[in-house]
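Undergrad: Mind looking over this structure? Questions follow.
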Amino acid sequence: EYEVGEISMFDQIHKMRTRIMTSNKFSGDRILGAILFEDTMNRDIDGVPTAEYLWKEKNVVPFLKVDKGLEPEKDGVQLMKPIPKLDEMCDAAVAHGVFGTKMRSVINMADLSGVKQIVEQQFEFGKQIMKKGLIPILEPEVSIKSPEKAECEAMLRAEIMENLKLLRNDQKLMFKLTLPNVDDLYENLVTHPNVVRVVALSGGYSRAEADALLARQHGIVASFSRALTEGLRDDLTAEEFDVMLDTAIGEIFDASKASGVTKELHAHK
């Protein structure tokens, strides 16, 4: 048992993450990267710093979540809260051998002013992160519950393309986006020279739903944290846990493979 916000809670969370990452089903054969919380980055797995363990033992690329949560909704969106110690977090990430970062904001309605604010904030923080030699993952999530989801996604794509025009050739980033209503909506991002990779979030879809949608998006791979851990519990036996994890990874990997990805992530490190 644990109390919310106490060290005991983070101990239990790290215990589950360690169980996933040390499983022989979890490896770079089918997994490209893992997004870490700051607490996880600062801990060890089998006596090895987490990011180093991922690189050396699993051949999996480590990323650090840097956002501090969401502001209340305004103009149909939820911006990120300020990140006052972003430079320090990036310096720590570099020292740990982390490859990049991830930060999330949310679009709920097709309000052009709000969508512009979301994209501008993501790019502003992204440029600050790139100065530290890290690859930022920009995650302007469109809520799958939005009654204007398709309109939100069209606005989002247009604003992202405009902001990409302002980048130098050497400024590289990634995107983590909601699976779109229109297949291959983000094709121009997948092929853009400043974009290392486009990944998809499951966003509340079941794993089966998310896998089916992903398979239709050419050049995009999964970043399904919620769908990956669907059904995993602490009370499972080692065999039950590995079977369930293997099934989840296999289904998500097959859907990603069906999308026909060609860009190699490890080559950028």
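In the structure tokens, chains take the letters A, B, ... in the order shown, each chain's residues start at 1, and ligands count up from 1 in the order shown.
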For region 112-161 of chain A against region 66-89 of chain A, with a cut-off of 8 Å and counting only C-alpha atoms, what is the closest atom pair and its distance in Å to one decimal for every residue that makes the cut, ordered by chain and number, as JSON lines?
TA:
{"residue": "A:Ser113", "atom": "CA", "partner": "A:Asp75", "partner_atom": "CA", "distance": 6.8}
{"residue": "A:Gly114", "atom": "CA", "partner": "A:Asp75", "partner_atom": "CA", "distance": 4.9}
{"residue": "A:Val115", "atom": "CA", "partner": "A:Val77", "partner_atom": "CA", "distance": 7.0}
{"residue": "A:Gln117", "atom": "CA", "partner": "A:Leu79", "partner_atom": "CA", "distance": 7.6}
{"residue": "A:Ile118", "atom": "CA", "partner": "A:Leu79", "partner_atom": "CA", "distance": 5.9}
{"residue": "A:Gln121", "atom": "CA", "partner": "A:Leu79", "partner_atom": "CA", "distance": 7.7}
{"residue": "A:Gln128", "atom": "CA", "partner": "A:Asp87", "partner_atom": "CA", "distance": 7.7}
{"residue": "A:Ile129", "atom": "CA", "partner": "A:Asp87", "partner_atom": "CA", "distance": 7.5}
{"residue": "A:Lys132", "atom": "CA", "partner": "A:Asp87", "partner_atom": "CA", "distance": 7.8}
Undergrad: Save the residues we just selected, C-alpha atoms, as a CSV table (one decimal), in the first residue's frame?
TA:
chain,number,residue,atom,x,y,z
A,113,SER,CA,-6.8,30.9,-31.6
A,114,GLY,CA,-6.4,28.1,-29.1
A,115,VAL,CA,-4.8,25.7,-31.6
A,117,GLN,CA,-1.4,28.9,-28.9
A,118,ILE,CA,-0.9,25.2,-28.5
A,121,GLN,CA,4.0,26.9,-27.1
A,128,GLN,CA,14.8,25.6,-26.0
A,129,ILE,CA,15.2,21.8,-25.7
A,132,LYS,CA,20.6,21.4,-25.3
Undergrad: For the contact check between region 214-268 of chain A and region 9-18 of chain A, emit one row per residue of region 214-268 of chain A within 12 Å, containing the shortest atom pair and the distance in Å rounded to one decimal, counting only C-alpha atoms, chain then rising number order, as a Markdown table.
TA:
| residue | atom | partner | partner_atom | distance |
| --- | --- | --- | --- | --- |
| A:Ser225 | CA | A:Arg17 | CA | 11.3 |
| A:Leu228 | CA | A:Arg17 | CA | 11.9 |
| A:Thr229 | CA | A:Arg17 | CA | 9.9 |
| A:Leu232 | CA | A:Met16 | CA | 9.1 |
| A:Arg233 | CA | A:Met16 | CA | 8.4 |
| A:Asp234 | CA | A:Met16 | CA | 7.0 |
| A:Asp235 | CA | A:Met16 | CA | 10.7 |
| A:Leu236 | CA | A:Met16 | CA | 11.3 |
| A:Phe241 | CA | A:Met16 | CA | 10.8 |
Undergrad: Can you check which parts of region 101-151 of chain A lie within 9 Å of region 156-159 of chain A? Per residue, the shortest pair of atoms and distance in Å to one decimal, counting only C-alpha atoms, sorted by chain and number, as a tab-separated table.
TA:
residue	atom	partner	partner_atom	distance
A:Ile107	CA	A:Leu156	CA	8.9
A:Leu112	CA	A:Leu156	CA	8.8
A:Val115	CA	A:Leu156	CA	6.3
A:Lys116	CA	A:Glu159	CA	6.4
A:Ile118	CA	A:Leu156	CA	8.8
A:Val119	CA	A:Glu159	CA	6.6
A:Glu120	CA	A:Glu159	CA	8.5
A:Pro140	CA	A:Leu156	CA	8.2
A:Val142	CA	A:Leu156	CA	8.6
A:Glu151	CA	A:Leu156	CA	8.6
Undergrad: Okay, now the selection with C-alpha atoms, as a PDB file, in the first residue's frame?
TA:
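Saved result, part.pdb, follows:
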ATOM      1  CA  ILE A 107      -6.842  20.337 -27.926  1.00  0.00           C
ATOM      2  CA  LEU A 112      -8.143  28.495 -34.201  1.00  0.00           C
ATOM      3  CA  VAL A 115      -4.777  25.689 -31.614  1.00  0.00           C
ATOM      4  CA  LYS A 116      -2.283  28.404 -32.606  1.00  0.00           C
ATOM      5  CA  ILE A 118      -0.873  25.169 -28.460  1.00  0.00           C
ATOM      6  CA  VAL A 119       1.459  24.818 -31.456  1.00  0.00           C
ATOM      7  CA  GLU A 120       3.421  27.986 -30.703  1.00  0.00           C
ATOM      8  CA  PRO A 140      -0.328  18.422 -29.016  1.00  0.00           C
ATOM      9  CA  VAL A 142      -6.387  16.097 -29.913  1.00  0.00           C
ATOM     10  CA  GLU A 151     -11.634  19.966 -37.634  1.00  0.00           C
TER      11      GLU A 151
END
Undergrad: Have a look at CA of Ala200 (chain A) and CA of Met21 (chain A) and let me know their distance in Å, one decimal.
TA: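 Taking CA of Ala200 (chain A) and CA of Met21 (chain A), their separation equals 20.8 Å.
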Undergrad: Could you jot down the CA of Arg197 (chain A) to CA of Asn169 (chain A) separation for me, Å, one decimal place?
TA: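 So the two atoms, CA of Arg197 (chain A) and CA of Asn169 (chain A), lie 15.4 Å apart.
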Undergrad: Please return as number ranges by chain: the residues of region 91-252 of chain A that backbone DSSP assigns to helix (DSSP H, G or I).
TA: A: 91-96, 112-130, 149-164, 187-190, 207-214, 225-228, 238-252
Undergrad: Between CA of Asp46 (chain A) and CA of Ala248 (chain A), what is the distance in Å, rounded to a tenth?
TA: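 Going from CA of Asp46 (chain A) over to CA of Ala248 (chain A) covers 24.0 Å.
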Undergrad: Which is closer to Met130 (chain A) than all the others in A:Asn163, A:Thr178, A:Thr50, A:Asn194, using only C-alpha atoms?
TA: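 Using only C-alpha atoms, Met130 (chain A) sits closest to A:Asn194.
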Undergrad: Tell me, as JSON, numbers by chain, which residues lie within 9 Å of region 219-224 of chain A, counting only C-alpha atoms; anything in the same chain fewer than 2 positions away does not count.
TA: {"A": [33, 34, 176, 184, 186, 187, 190, 191, 197, 198, 199, 200, 201, 202, 203, 207, 210, 211, 214, 215, 217, 226, 227, 228, 229, 252, 253, 255, 256, 257, 258, 259, 260, 261, 262, 263]}
Undergrad: Identify all residues of region 9-158 of chain A in strand (DSSP E or B) (DSSP on the backbone) and supply them as number ranges by chain.
TA: A: 33-36, 44-45, 48-49, 61-65, 70, 74, 77-78, 80, 100-107, 135-142
Undergrad: Those same residues - N, CA, C and O atoms - I'd like them written as a CSV table (one decimal), in the first residue's frame.
TA:
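Output contents, as saved in result27.csv:
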chain,number,residue,atom,x,y,z
A,33,GLY,N,11.7,3.1,-28.4
A,33,GLY,CA,12.0,4.1,-27.4
A,33,GLY,C,11.1,3.9,-26.2
A,33,GLY,O,10.1,3.2,-26.2
A,34,ALA,N,11.5,4.5,-25.0
A,34,ALA,CA,10.7,4.5,-23.8
A,34,ALA,C,10.7,5.9,-23.2
A,34,ALA,O,11.8,6.5,-23.1
A,35,ILE,N,9.6,6.4,-22.8
A,35,ILE,CA,9.5,7.7,-22.3
A,35,ILE,C,9.5,7.6,-20.7
A,35,ILE,O,8.6,6.9,-20.2
A,36,LEU,N,10.4,8.3,-20.1
A,36,LEU,CA,10.6,8.2,-18.7
A,36,LEU,C,10.1,9.4,-17.9
A,36,LEU,O,10.3,10.5,-18.4
A,44,ASP,N,17.6,3.6,-10.5
A,44,ASP,CA,18.3,2.5,-11.2
A,44,ASP,C,17.5,1.3,-11.5
A,44,ASP,O,16.4,1.1,-10.8
A,45,ILE,N,17.9,0.5,-12.4
A,45,ILE,CA,17.3,-0.8,-12.7
A,45,ILE,C,18.5,-1.8,-12.6
A,45,ILE,O,19.5,-1.7,-13.3
A,48,VAL,N,21.8,-0.2,-12.4
A,48,VAL,CA,22.3,0.6,-13.5
A,48,VAL,C,21.3,1.7,-13.7
A,48,VAL,O,20.1,1.5,-13.6
A,49,PRO,N,21.8,3.0,-13.9
A,49,PRO,CA,20.8,4.1,-14.1
A,49,PRO,C,19.9,3.7,-15.3
A,49,PRO,O,20.3,3.1,-16.3
A,61,VAL,N,15.7,3.4,-26.9
A,61,VAL,CA,16.1,4.8,-26.8
A,61,VAL,C,15.3,5.5,-25.7
A,61,VAL,O,14.1,5.5,-25.7
A,62,PRO,N,16.0,6.1,-24.7
A,62,PRO,CA,15.3,6.8,-23.6
A,62,PRO,C,14.9,8.2,-23.9
A,62,PRO,O,15.7,9.0,-24.4
A,63,PHE,N,13.7,8.6,-23.5
A,63,PHE,CA,13.2,10.0,-23.6
A,63,PHE,C,12.8,10.4,-22.2
A,63,PHE,O,12.4,9.6,-21.4
A,64,LEU,N,12.7,11.7,-21.9
A,64,LEU,CA,12.3,12.2,-20.6
A,64,LEU,C,11.1,13.1,-20.8
A,64,LEU,O,11.0,14.0,-21.6
A,65,LYS,N,10.0,12.8,-20.0
A,65,LYS,CA,8.9,13.7,-19.9
A,65,LYS,C,9.2,14.9,-19.1
A,65,LYS,O,9.7,14.8,-18.0
A,70,LEU,N,-1.1,20.3,-17.1
A,70,LEU,CA,-1.9,21.2,-18.0
A,70,LEU,C,-2.6,22.3,-17.2
A,70,LEU,O,-3.0,22.2,-16.1
A,74,LYS,N,-9.0,26.8,-21.9
A,74,LYS,CA,-9.3,28.2,-22.3
A,74,LYS,C,-9.2,28.2,-23.9
A,74,LYS,O,-8.2,27.6,-24.4
A,77,VAL,N,-8.6,24.7,-25.5
A,77,VAL,CA,-7.4,24.0,-25.4
A,77,VAL,C,-6.9,24.0,-24.0
A,77,VAL,O,-7.3,24.9,-23.2
A,78,GLN,N,-6.0,23.1,-23.6
A,78,GLN,CA,-5.3,23.2,-22.4
A,78,GLN,C,-3.8,23.3,-22.7
A,78,GLN,O,-3.1,22.3,-23.1
A,80,MET,N,0.3,23.8,-21.7
A,80,MET,CA,1.1,23.3,-20.6
A,80,MET,C,1.3,24.4,-19.6
A,80,MET,O,1.4,25.6,-19.9
A,100,GLY,N,16.0,12.3,-25.9
A,100,GLY,CA,15.1,13.4,-26.2
A,100,GLY,C,14.1,13.6,-25.1
A,100,GLY,O,14.2,13.0,-24.0
A,101,THR,N,13.1,14.4,-25.3
A,101,THR,CA,12.1,14.8,-24.3
A,101,THR,C,10.7,14.6,-24.9
A,101,THR,O,10.6,14.4,-26.1
A,102,LYS,N,9.7,14.7,-24.0
A,102,LYS,CA,8.3,14.6,-24.5
A,102,LYS,C,7.5,15.6,-23.6
A,102,LYS,O,7.7,15.7,-22.4
A,103,MET,N,6.6,16.3,-24.2
A,103,MET,CA,5.7,17.3,-23.5
A,103,MET,C,4.3,17.3,-24.2
A,103,MET,O,4.2,17.3,-25.4
A,104,ARG,N,3.3,17.3,-23.3
A,104,ARG,CA,1.9,17.1,-23.8
A,104,ARG,C,1.1,18.3,-23.5
A,104,ARG,O,1.1,18.9,-22.4
A,105,SER,N,0.3,18.7,-24.4
A,105,SER,CA,-0.8,19.7,-24.2
A,105,SER,C,-2.0,19.1,-25.0
A,105,SER,O,-1.9,18.1,-25.7
A,106,VAL,N,-3.2,19.7,-24.8
A,106,VAL,CA,-4.5,19.0,-25.3
A,106,VAL,C,-5.4,20.0,-26.0
A,106,VAL,O,-5.6,21.2,-25.5
A,107,ILE,N,-5.9,19.6,-27.1
A,107,ILE,CA,-6.8,20.3,-27.9
A,107,ILE,C,-8.2,19.7,-27.8
A,107,ILE,O,-8.3,18.5,-28.1
A,135,ILE,N,16.4,15.8,-28.7
A,135,ILE,CA,15.3,15.7,-29.7
A,135,ILE,C,14.0,15.8,-29.0
A,135,ILE,O,13.6,14.9,-28.3
A,136,PRO,N,13.3,16.9,-29.1
A,136,PRO,CA,12.0,17.0,-28.4
A,136,PRO,C,10.9,16.3,-29.2
A,136,PRO,O,10.8,16.4,-30.4
A,137,ILE,N,10.0,15.6,-28.4
A,137,ILE,CA,8.8,15.1,-29.0
A,137,ILE,C,7.7,16.1,-28.6
A,137,ILE,O,7.4,16.3,-27.4
A,138,LEU,N,7.1,16.7,-29.6
A,138,LEU,CA,6.0,17.7,-29.4
A,138,LEU,C,4.7,16.8,-29.4
A,138,LEU,O,4.4,16.1,-30.4
A,139,GLU,N,3.9,17.0,-28.3
A,139,GLU,CA,2.7,16.2,-28.2
A,139,GLU,C,1.4,17.1,-28.0
A,139,GLU,O,0.9,17.2,-26.9
A,140,PRO,N,0.9,17.7,-29.1
A,140,PRO,CA,-0.3,18.4,-29.0
A,140,PRO,C,-1.5,17.5,-29.3
A,140,PRO,O,-2.0,17.3,-30.4
A,141,GLU,N,-1.9,16.8,-28.2
A,141,GLU,CA,-3.0,15.8,-28.3
A,141,GLU,C,-4.3,16.4,-28.7
A,141,GLU,O,-4.8,17.3,-28.0
A,142,VAL,N,-5.0,15.8,-29.6
A,142,VAL,CA,-6.4,16.1,-29.9
A,142,VAL,C,-7.2,15.1,-29.2
A,142,VAL,O,-7.1,13.9,-29.4
Undergrad: For Leu32 (chain A), work out the shell of residues within 8 Å, counting only C-alpha atoms and skipping chain neighbours fewer than 4 positions away, then give it as a VMD selection string.
TA: chain A and resid 28 59 to 61 265
Undergrad: Pick out the closest residue to Arg19 (chain A) from this set: A:Leu177, A:Leu166, A:Ile144, A:Ala238. Count only C-alpha atoms.
TA: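 Among the listed residues, the smallest separation from Arg19 (chain A) belongs to A:Ala238.
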Undergrad: Can you tell me which residues surround Lys127 (chain A) at a distance of at most 9 Å, considering only C-alpha atoms, apart from same-chain residues fewer than 4 positions away, and format the answer as JSON, numbers by chain?
TA: {"A": [122, 123, 131, 136, 167, 171]}
Undergrad: Which residue, A:Met174, A:Ile31, A:Cys90, A:Val98, has the smallest gap to Glu52 (chain A) when you use only C-alpha atoms?
TA: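 Looking only at the distances to Glu52 (chain A), the closest residue turns out to be A:Val98.
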